[in-house]
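With TSV, C-alpha atoms and all ligand atoms inside, this is input-v3.tsv:
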chain	number	residue	atom	x	y	z
A	1154	MET	CA	168.81	63.28	-77.26
A	1155	LYS	CA	167.76	63.69	-80.86
A	1156	ILE	CA	169.93	66.37	-82.49
A	1157	GLY	CA	169.30	68.02	-85.87
A	1158	ILE	CA	172.42	69.38	-87.55
A	1159	ILE	CA	171.86	72.29	-89.92
A	1160	GLY	CA	175.02	72.54	-92.03
A	1161	SER	CA	177.04	69.32	-91.93
A	1162	GLY	CA	180.49	70.73	-92.76
A	1163	ASN	CA	183.63	71.18	-90.65
A	1164	ILE	CA	181.73	72.07	-87.50
A	1165	GLY	CA	178.38	70.30	-87.93
A	1166	GLY	CA	179.93	67.17	-89.44
A	1167	ASN	CA	182.44	66.69	-86.65
A	1168	LEU	CA	180.06	67.60	-83.83
A	1169	GLY	CA	177.46	65.22	-85.26
A	1170	LYS	CA	180.00	62.38	-85.43
A	1171	HIS	CA	181.04	63.03	-81.82
A	1172	TRP	CA	177.45	63.15	-80.56
A	1173	ALA	CA	176.57	59.96	-82.44
A	1174	LYS	CA	179.58	58.26	-80.87
A	1175	ALA	CA	178.39	59.49	-77.45
A	1176	GLY	CA	175.05	57.76	-78.04
A	1177	HIS	CA	172.86	60.58	-79.29
A	1178	LYS	CA	170.60	60.24	-82.32
A	1179	VAL	CA	171.96	62.56	-85.01
A	1180	LEU	CA	170.18	63.87	-88.11
A	1181	PHE	CA	172.68	65.46	-90.46
A	1182	SER	CA	171.06	67.81	-92.92
A	1183	SER	CA	172.12	69.21	-96.23
A	1184	ARG	CA	170.58	70.87	-99.22
A	1185	HIS	CA	171.88	67.74	-100.99
A	1186	PRO	CA	171.44	64.94	-98.44
A	1187	ALA	CA	172.57	62.21	-100.86
A	1188	GLU	CA	176.06	63.73	-100.64
A	1189	LEU	CA	176.26	62.94	-96.92
A	1190	ASN	CA	176.54	59.16	-97.37
A	1191	SER	CA	180.17	58.88	-96.33
A	1192	LEU	CA	179.67	61.17	-93.32
A	1193	VAL	CA	176.72	59.06	-92.15
A	1194	LYS	CA	178.73	55.88	-92.65
A	1195	GLU	CA	181.59	57.29	-90.58
A	1196	ALA	CA	179.19	58.43	-87.86
A	1197	GLY	CA	177.68	54.95	-87.50
A	1198	SER	CA	174.25	53.61	-86.72
A	1199	ASN	CA	173.08	56.58	-84.62
A	1200	ALA	CA	173.23	58.90	-87.64
A	1201	GLU	CA	171.04	59.58	-90.67
A	1202	ALA	CA	171.03	62.17	-93.48
A	1203	ARG	CA	167.97	64.25	-94.33
A	1204	SER	CA	166.97	67.39	-96.14
A	1205	VAL	CA	166.85	70.56	-94.04
A	1206	THR	CA	163.03	70.51	-94.05
A	1207	ASP	CA	162.87	66.83	-93.05
A	1208	THR	CA	165.34	67.48	-90.25
A	1209	PHE	CA	163.14	70.21	-88.78
A	1210	GLU	CA	160.06	68.04	-89.30
A	1211	ALA	CA	161.73	65.16	-87.44
A	1212	ASN	CA	161.13	67.12	-84.26
A	1213	ALA	CA	164.58	66.89	-82.72
A	1214	ASP	CA	165.19	68.04	-79.15
A	1215	VAL	CA	168.05	70.28	-80.18
A	1216	TYR	CA	169.11	71.96	-83.42
A	1217	LEU	CA	172.70	72.93	-84.12
A	1218	LEU	CA	173.12	75.86	-86.52
A	1219	ALA	CA	176.45	75.26	-88.28
A	1220	MET	CA	175.95	76.82	-91.68
A	1221	PRO	CA	177.23	80.15	-93.01
A	1222	PHE	CA	175.80	83.09	-91.04
A	1223	LYS	CA	174.15	84.49	-94.17
A	1224	ALA	CA	171.72	81.52	-94.18
A	1225	ILE	CA	170.19	82.38	-90.79
A	1226	ASP	CA	167.53	84.74	-92.12
A	1227	LYS	CA	166.17	82.22	-94.61
A	1228	ILE	CA	166.26	79.29	-92.18
A	1229	ALA	CA	164.56	81.33	-89.47
A	1230	GLU	CA	161.96	82.55	-91.94
A	1231	LEU	CA	161.13	78.97	-92.95
A	1232	TYR	CA	161.31	77.17	-89.61
A	1233	ALA	CA	161.50	79.48	-86.60
A	1234	GLY	CA	157.77	79.89	-86.01
A	1235	GLU	CA	157.04	76.20	-85.77
A	1236	TYR	CA	160.22	75.18	-83.97
A	1237	GLY	CA	160.53	78.19	-81.73
A	1238	ASN	CA	160.32	76.12	-78.55
A	1239	LYS	CA	163.38	74.01	-79.43
A	1240	VAL	CA	166.86	74.46	-78.08
A	1241	ILE	CA	168.93	76.09	-80.83
A	1242	ILE	CA	172.70	75.89	-80.47
A	1243	ASP	CA	174.23	78.61	-82.60
A	1244	ALA	CA	177.78	77.91	-83.75
A	1245	THR	CA	177.76	80.46	-86.57
A	1246	ASN	CA	179.95	83.51	-86.97
A	1247	PRO	CA	179.35	86.57	-89.13
A	1248	TYR	CA	182.16	87.05	-91.66
A	1249	PRO	CA	181.46	89.96	-94.04
A	1250	GLU	CA	183.83	88.59	-96.72
A	1251	ARG	CA	181.85	85.32	-96.82
A	1252	ASP	CA	178.39	86.34	-95.58
A	1253	GLY	CA	178.03	89.81	-97.10
A	1254	ALA	CA	176.20	92.88	-95.85
A	1255	ILE	CA	174.19	91.19	-93.11
A	1256	ALA	CA	177.39	90.08	-91.36
A	1257	GLN	CA	178.80	93.61	-91.45
A	1258	GLU	CA	175.50	94.97	-90.17
A	1259	VAL	CA	175.55	92.58	-87.21
A	1260	ARG	CA	179.21	93.29	-86.49
A	1261	ASP	CA	178.46	97.02	-86.43
A	1262	ALA	CA	175.27	96.69	-84.39
A	1263	ASN	CA	174.95	97.24	-80.65
A	1264	TYR	CA	173.90	93.62	-80.13
A	1265	ASN	CA	175.92	90.39	-80.39
A	1266	ALA	CA	175.68	87.84	-83.21
A	1267	SER	CA	173.95	85.38	-80.86
A	1268	GLU	CA	171.30	87.97	-80.02
A	1269	TYR	CA	170.65	88.35	-83.73
A	1270	THR	CA	170.02	84.59	-84.03
A	1271	ALA	CA	167.80	84.62	-80.93
A	1272	MET	CA	165.86	87.55	-82.35
A	1273	LYS	CA	165.37	85.72	-85.64
A	1274	PHE	CA	164.24	82.53	-83.92
A	1275	GLY	CA	161.77	84.44	-81.76
A	1276	THR	CA	160.90	82.31	-78.75
A	1277	ALA	CA	163.64	79.71	-79.36
A	1278	LYS	CA	165.84	78.81	-76.44
A	1279	THR	CA	169.07	79.94	-78.00
A	1280	VAL	CA	172.54	78.96	-76.87
A	1281	LYS	CA	175.82	80.25	-78.26
A	1282	ALA	CA	178.45	77.50	-78.26
A	1283	PHE	CA	181.11	75.86	-80.44
A	1284	ASN	CA	181.62	79.08	-82.45
A	1285	THR	CA	184.96	79.91	-80.82
A	1286	ILE	CA	186.76	76.59	-81.32
A	1287	ARG	CA	188.97	75.92	-84.31
A	1288	ALA	CA	187.51	73.19	-86.52
A	1289	GLU	CA	190.61	70.98	-86.31
A	1290	HIS	CA	190.59	71.11	-82.51
A	1291	LEU	CA	186.92	70.22	-82.44
A	1292	ARG	CA	187.73	67.26	-84.67
A	1293	ASP	CA	190.91	66.07	-82.96
A	1294	ARG	CA	190.61	66.94	-79.29
A	1295	ALA	CA	187.26	65.45	-78.30
A	1296	PHE	CA	186.85	62.56	-75.84
A	1297	ARG	CA	189.89	63.43	-73.77
A	1298	THR	CA	190.00	62.35	-70.18
A	1299	THR	CA	192.94	64.64	-69.36
A	1300	ASP	CA	194.10	67.97	-70.83
A	1301	LYS	CA	190.57	68.76	-71.92
A	1302	LEU	CA	189.85	71.89	-73.89
A	1303	ALA	CA	187.12	74.19	-72.64
A	1304	ILE	CA	184.14	75.22	-74.73
A	1305	PRO	CA	182.53	78.48	-73.66
A	1306	TYR	CA	178.75	78.72	-73.89
A	1307	ALA	CA	176.09	81.31	-73.18
A	1308	ALA	CA	172.38	80.69	-72.88
A	1309	GLN	CA	169.08	82.49	-72.84
A	1310	ASP	CA	167.61	80.31	-70.13
A	1311	GLN	CA	168.52	77.60	-67.64
A	1312	GLU	CA	167.12	74.66	-69.62
A	1313	SER	CA	168.96	75.44	-72.84
A	1314	GLY	CA	172.15	76.15	-70.87
A	1315	ASP	CA	171.92	72.79	-69.13
A	1316	VAL	CA	171.42	71.01	-72.46
A	1317	ALA	CA	174.45	72.73	-73.99
A	1318	LYS	CA	176.65	71.94	-70.99
A	1319	GLN	CA	175.64	68.29	-71.17
A	1320	LEU	CA	176.33	68.10	-74.91
A	1321	ILE	CA	179.76	69.70	-74.45
A	1322	GLU	CA	180.71	67.32	-71.65
A	1323	ASP	CA	179.31	64.23	-73.41
A	1324	ILE	CA	182.03	64.56	-76.06
A	1325	GLY	CA	184.93	65.07	-73.71
A	1326	PHE	CA	185.30	68.83	-73.49
A	1327	ASP	CA	184.90	70.99	-70.40
A	1328	ALA	CA	182.11	73.59	-70.43
A	1329	LEU	CA	182.50	77.18	-69.24
A	1330	TYR	CA	179.36	79.26	-68.73
A	1331	ILE	CA	179.87	82.81	-69.99
A	1332	GLY	CA	176.47	84.27	-69.14
A	1333	ASN	CA	173.39	85.11	-71.14
A	1334	LEU	CA	173.39	86.17	-74.76
A	1335	THR	CA	174.08	89.80	-73.92
A	1336	ASP	CA	177.48	88.65	-72.59
A	1337	THR	CA	178.66	86.95	-75.81
A	1338	HIS	CA	180.61	89.82	-77.36
A	1339	ILE	CA	183.85	88.26	-76.10
A	1340	MET	CA	182.96	85.09	-78.10
A	1341	ASP	CA	182.50	86.91	-81.41
A	1342	PRO	CA	185.17	86.88	-84.18
A	1343	GLU	CA	188.33	88.83	-83.35
A	1344	GLN	CA	187.25	89.25	-79.72
A	1345	SER	CA	189.14	88.10	-76.65
A	1346	ILE	CA	188.21	84.41	-76.35
A	1347	TYR	CA	187.55	83.69	-80.02
A	1348	GLY	CA	189.77	80.92	-81.42
A	1349	LYS	CA	191.42	80.30	-78.05
A	1350	SER	CA	192.17	76.65	-77.26
A	1351	LEU	CA	192.56	76.62	-73.50
A	1352	SER	CA	191.83	74.53	-70.44
A	1353	ARG	CA	188.77	75.50	-68.38
A	1354	LYS	CA	190.97	77.12	-65.74
A	1355	GLU	CA	192.92	79.16	-68.31
A	1356	LEU	CA	189.77	80.20	-70.12
A	1357	LYS	CA	188.08	81.24	-66.89
A	1358	GLU	CA	191.10	83.36	-65.96
A	1359	LEU	CA	191.07	85.01	-69.37
A	1360	VAL	CA	187.34	85.77	-69.13
A	1361	ASN	CA	187.74	87.23	-65.63
A	1362	ASN	CA	190.69	89.28	-66.77
A	1363	VAL	CA	188.85	90.68	-69.78
A	1364	ARG	CA	185.87	91.59	-67.61
A	1365	VAL	CA	187.99	93.46	-65.07
A	1366	HIS	CA	189.66	95.63	-67.72
B	1401	LIG	N1	185.61	76.32	-89.54
B	1401	LIG	C1	185.81	76.77	-88.32
B	1401	LIG	O1	186.95	76.72	-87.79
B	1401	LIG	C2	184.66	77.30	-87.52
B	1401	LIG	C3	184.77	77.32	-86.13
B	1401	LIG	C4	183.69	77.73	-85.35
B	1401	LIG	C5	182.52	78.17	-85.99
B	1401	LIG	N2	182.45	78.19	-87.34
B	1401	LIG	C6	181.18	78.70	-87.95
B	1401	LIG	O2	180.35	77.57	-88.15
B	1401	LIG	C7	179.60	77.73	-89.36
B	1401	LIG	C8	179.94	76.56	-90.27
B	1401	LIG	O3	181.32	76.61	-90.57
B	1401	LIG	P1	182.03	75.38	-91.29
B	1401	LIG	O4	183.46	75.68	-91.31
B	1401	LIG	O5	181.53	74.10	-90.70
B	1401	LIG	O6	181.42	75.55	-92.76
B	1401	LIG	P2	181.34	74.47	-93.93
B	1401	LIG	O7	182.34	73.39	-93.73
B	1401	LIG	O8	181.32	75.24	-95.20
B	1401	LIG	O9	179.89	73.83	-93.70
B	1401	LIG	C9	178.75	74.59	-93.73
B	1401	LIG	C10	177.62	73.76	-94.32
B	1401	LIG	O10	176.46	74.60	-94.37
B	1401	LIG	C11	175.66	74.22	-95.49
B	1401	LIG	N3	175.14	75.43	-96.12
B	1401	LIG	C12	175.80	76.32	-96.87
B	1401	LIG	N4	174.96	77.31	-97.27
B	1401	LIG	C13	173.76	77.00	-96.75
B	1401	LIG	C14	172.49	77.60	-96.84
B	1401	LIG	N5	172.32	78.74	-97.53
B	1401	LIG	N6	171.45	77.01	-96.19
B	1401	LIG	C15	171.64	75.86	-95.50
B	1401	LIG	N7	172.83	75.23	-95.40
B	1401	LIG	C16	173.86	75.80	-96.03
B	1401	LIG	C17	176.57	73.47	-96.46
B	1401	LIG	O11	176.00	72.21	-96.68
B	1401	LIG	P3	175.21	71.81	-98.03
B	1401	LIG	O12	175.88	72.51	-99.17
B	1401	LIG	O13	175.39	70.33	-98.02
B	1401	LIG	O14	173.79	72.22	-97.82
B	1401	LIG	C18	177.90	73.30	-95.73
B	1401	LIG	O15	178.33	71.97	-95.68
B	1401	LIG	C19	179.99	79.09	-89.94
B	1401	LIG	O16	179.04	80.06	-89.56
B	1401	LIG	C20	181.36	79.35	-89.31
B	1401	LIG	O17	181.66	80.73	-89.20
B	1401	LIG	C21	183.48	77.74	-88.12

As structure tokens, the full file:
Amino acid sequence: MKIGIIGSGNIGGNLGKHWAKAGHKVLFSSRHPAELNSLVKEAGSNAEARSVTDTFEANADVYLLAMPFKAIDKIAELYAGEYGNKVIIDATNPYPERDGAIAQEVRDANYNASEYTAMKFGTAKTVKAFNTIRAEHLRDRAFRTTDKLAIPYAAQDQESGDVAKQLIEDIGFDALYIGNLTDTHIMDPEQSIYGKSLSRKELKELVNNVRVH
């Protein structure tokens, strides 16, 4: 698959490196693409650096949103219309102290952060994934054959869910389907499965337990 990474930091940088290693074509983007040289070098021949606009124009199959939550509005405003039929994997989290009023608004709203992204991207096939894992575990615990960590994901439709599951498994994590985007509250910051590094079995038990109570 061709994957466009929007925000090539802790999360986007490491996921991009993993996907490139797994054989995917990765376009890292930045507002300053020249600063991504060492990341691209580390990621190898499947990776390139581009501007954010060039990354969207490169017509990737999947876009990973891994920038601060406060940037969603602007990015959606610029690109959502044209790229609305793409799979968008949303790894962002709203943190009021970093992202300001919009993050507080979304935290206080009666919808989940992933539903906000889906709303902004209109017809995009939005998936919520990789937002609950700690950056150092994403970096260090990929490509395991035993003791795999589970990555929870939720999806708006079957196709985008299948893509996310594949991309989780391609880099040596187990995938756990949580439901559709209305079910993602438990994945949001400070909620029950946020920041939990667990096996698939443990995570499934926790999810079931939370849903019963
Ligand atoms: N760190 C974690 O443990 C963790 C875990 C799960 C999810 N998350 C979530 O994932 C997202 C990224 O976190 P991170 O830790 O990877 O952050 P990070 O290391 O700061 O990387 C974010 C990248 O986004 C780009 N960016 C910043 N402002 C932007 C804007 N206005 N428009 C476009 N790009 C912009 C920056 O790249 P340029 O300056 O090069 O453009 C930056 O490298 C956040 O929403 C975070 O809450 C973080």

Write out as a ChimeraX atom specification each polymer residue (protein, DNA or RNA) that has an atom no more than 8 Å from ligand LIG 1401 (chain B), with all atoms listed in the file counted.
-> /A:1159-1166,1182-1186,1188-1189,1205,1218-1225,1227-1228,1244-1248,1283-1289,1348

Selected residue, from A:Tyr1330, A:Tyr1306, A:Trp1172, A:Phe1209, that lies nearest to Gly1197 of chain A when counting only C-alpha atoms =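 Distance minimum relative to Gly1197 of chain A lands on A:Trp1172.
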
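Coordinates place atom CA of Val1280 of chain A at a distance of 17.1 Å from atom CA of Asp1226 of chain A.
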
In Å, rounded to a single decimal, give me how far atom CA of Ala1277 of chain A is from atom CA of Ile1241 of chain A.
->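 Interatomic distance, atom CA of Ile1241 of chain A to atom CA of Ala1277 of chain A: 6.6 Å.
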
Which residue, A:Lys1318, A:Lys1174, A:Arg1364, A:Lys1155, has the smallest gap to Ile1346 of chain A when you use all atoms listed in the file?
-> A:Arg1364

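Atom pair atom CA of Asp1341 of chain A / atom CA of Gly1275 of chain A has a distance of 20.9 Å (rounded to one decimal).
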
Which one of A:Glu1195, A:Asp1310, A:Asn1212, A:Pro1305 sits closest to Arg1353 of chain A if you count all atoms listed in the file?
->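 Closest candidate: A:Pro1305.
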
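With only C-alpha atoms as the atoms that count, the residue of A:Ser1191, A:Thr1279, A:Asn1361, A:Asn1265 with the shortest distance to Ser1313 of chain A is A:Thr1279.
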
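Nearest to Thr1276 of chain A of all the residues A:Ala1229, A:Ala1211, A:Leu1356, A:Val1179 is A:Ala1229, based on only C-alpha atoms.
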
Give the answer as one residue: which of A:Ala1307, A:Arg1203, A:Ile1255, A:Ala1175 has the shortest atom-to-atom distance to Ala1187 of chain A, using all atoms listed in the file?
->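 Of A:Ala1307, A:Arg1203, A:Ile1255, A:Ala1175, the one nearest Ala1187 of chain A, counting all atoms listed in the file, is A:Arg1203.
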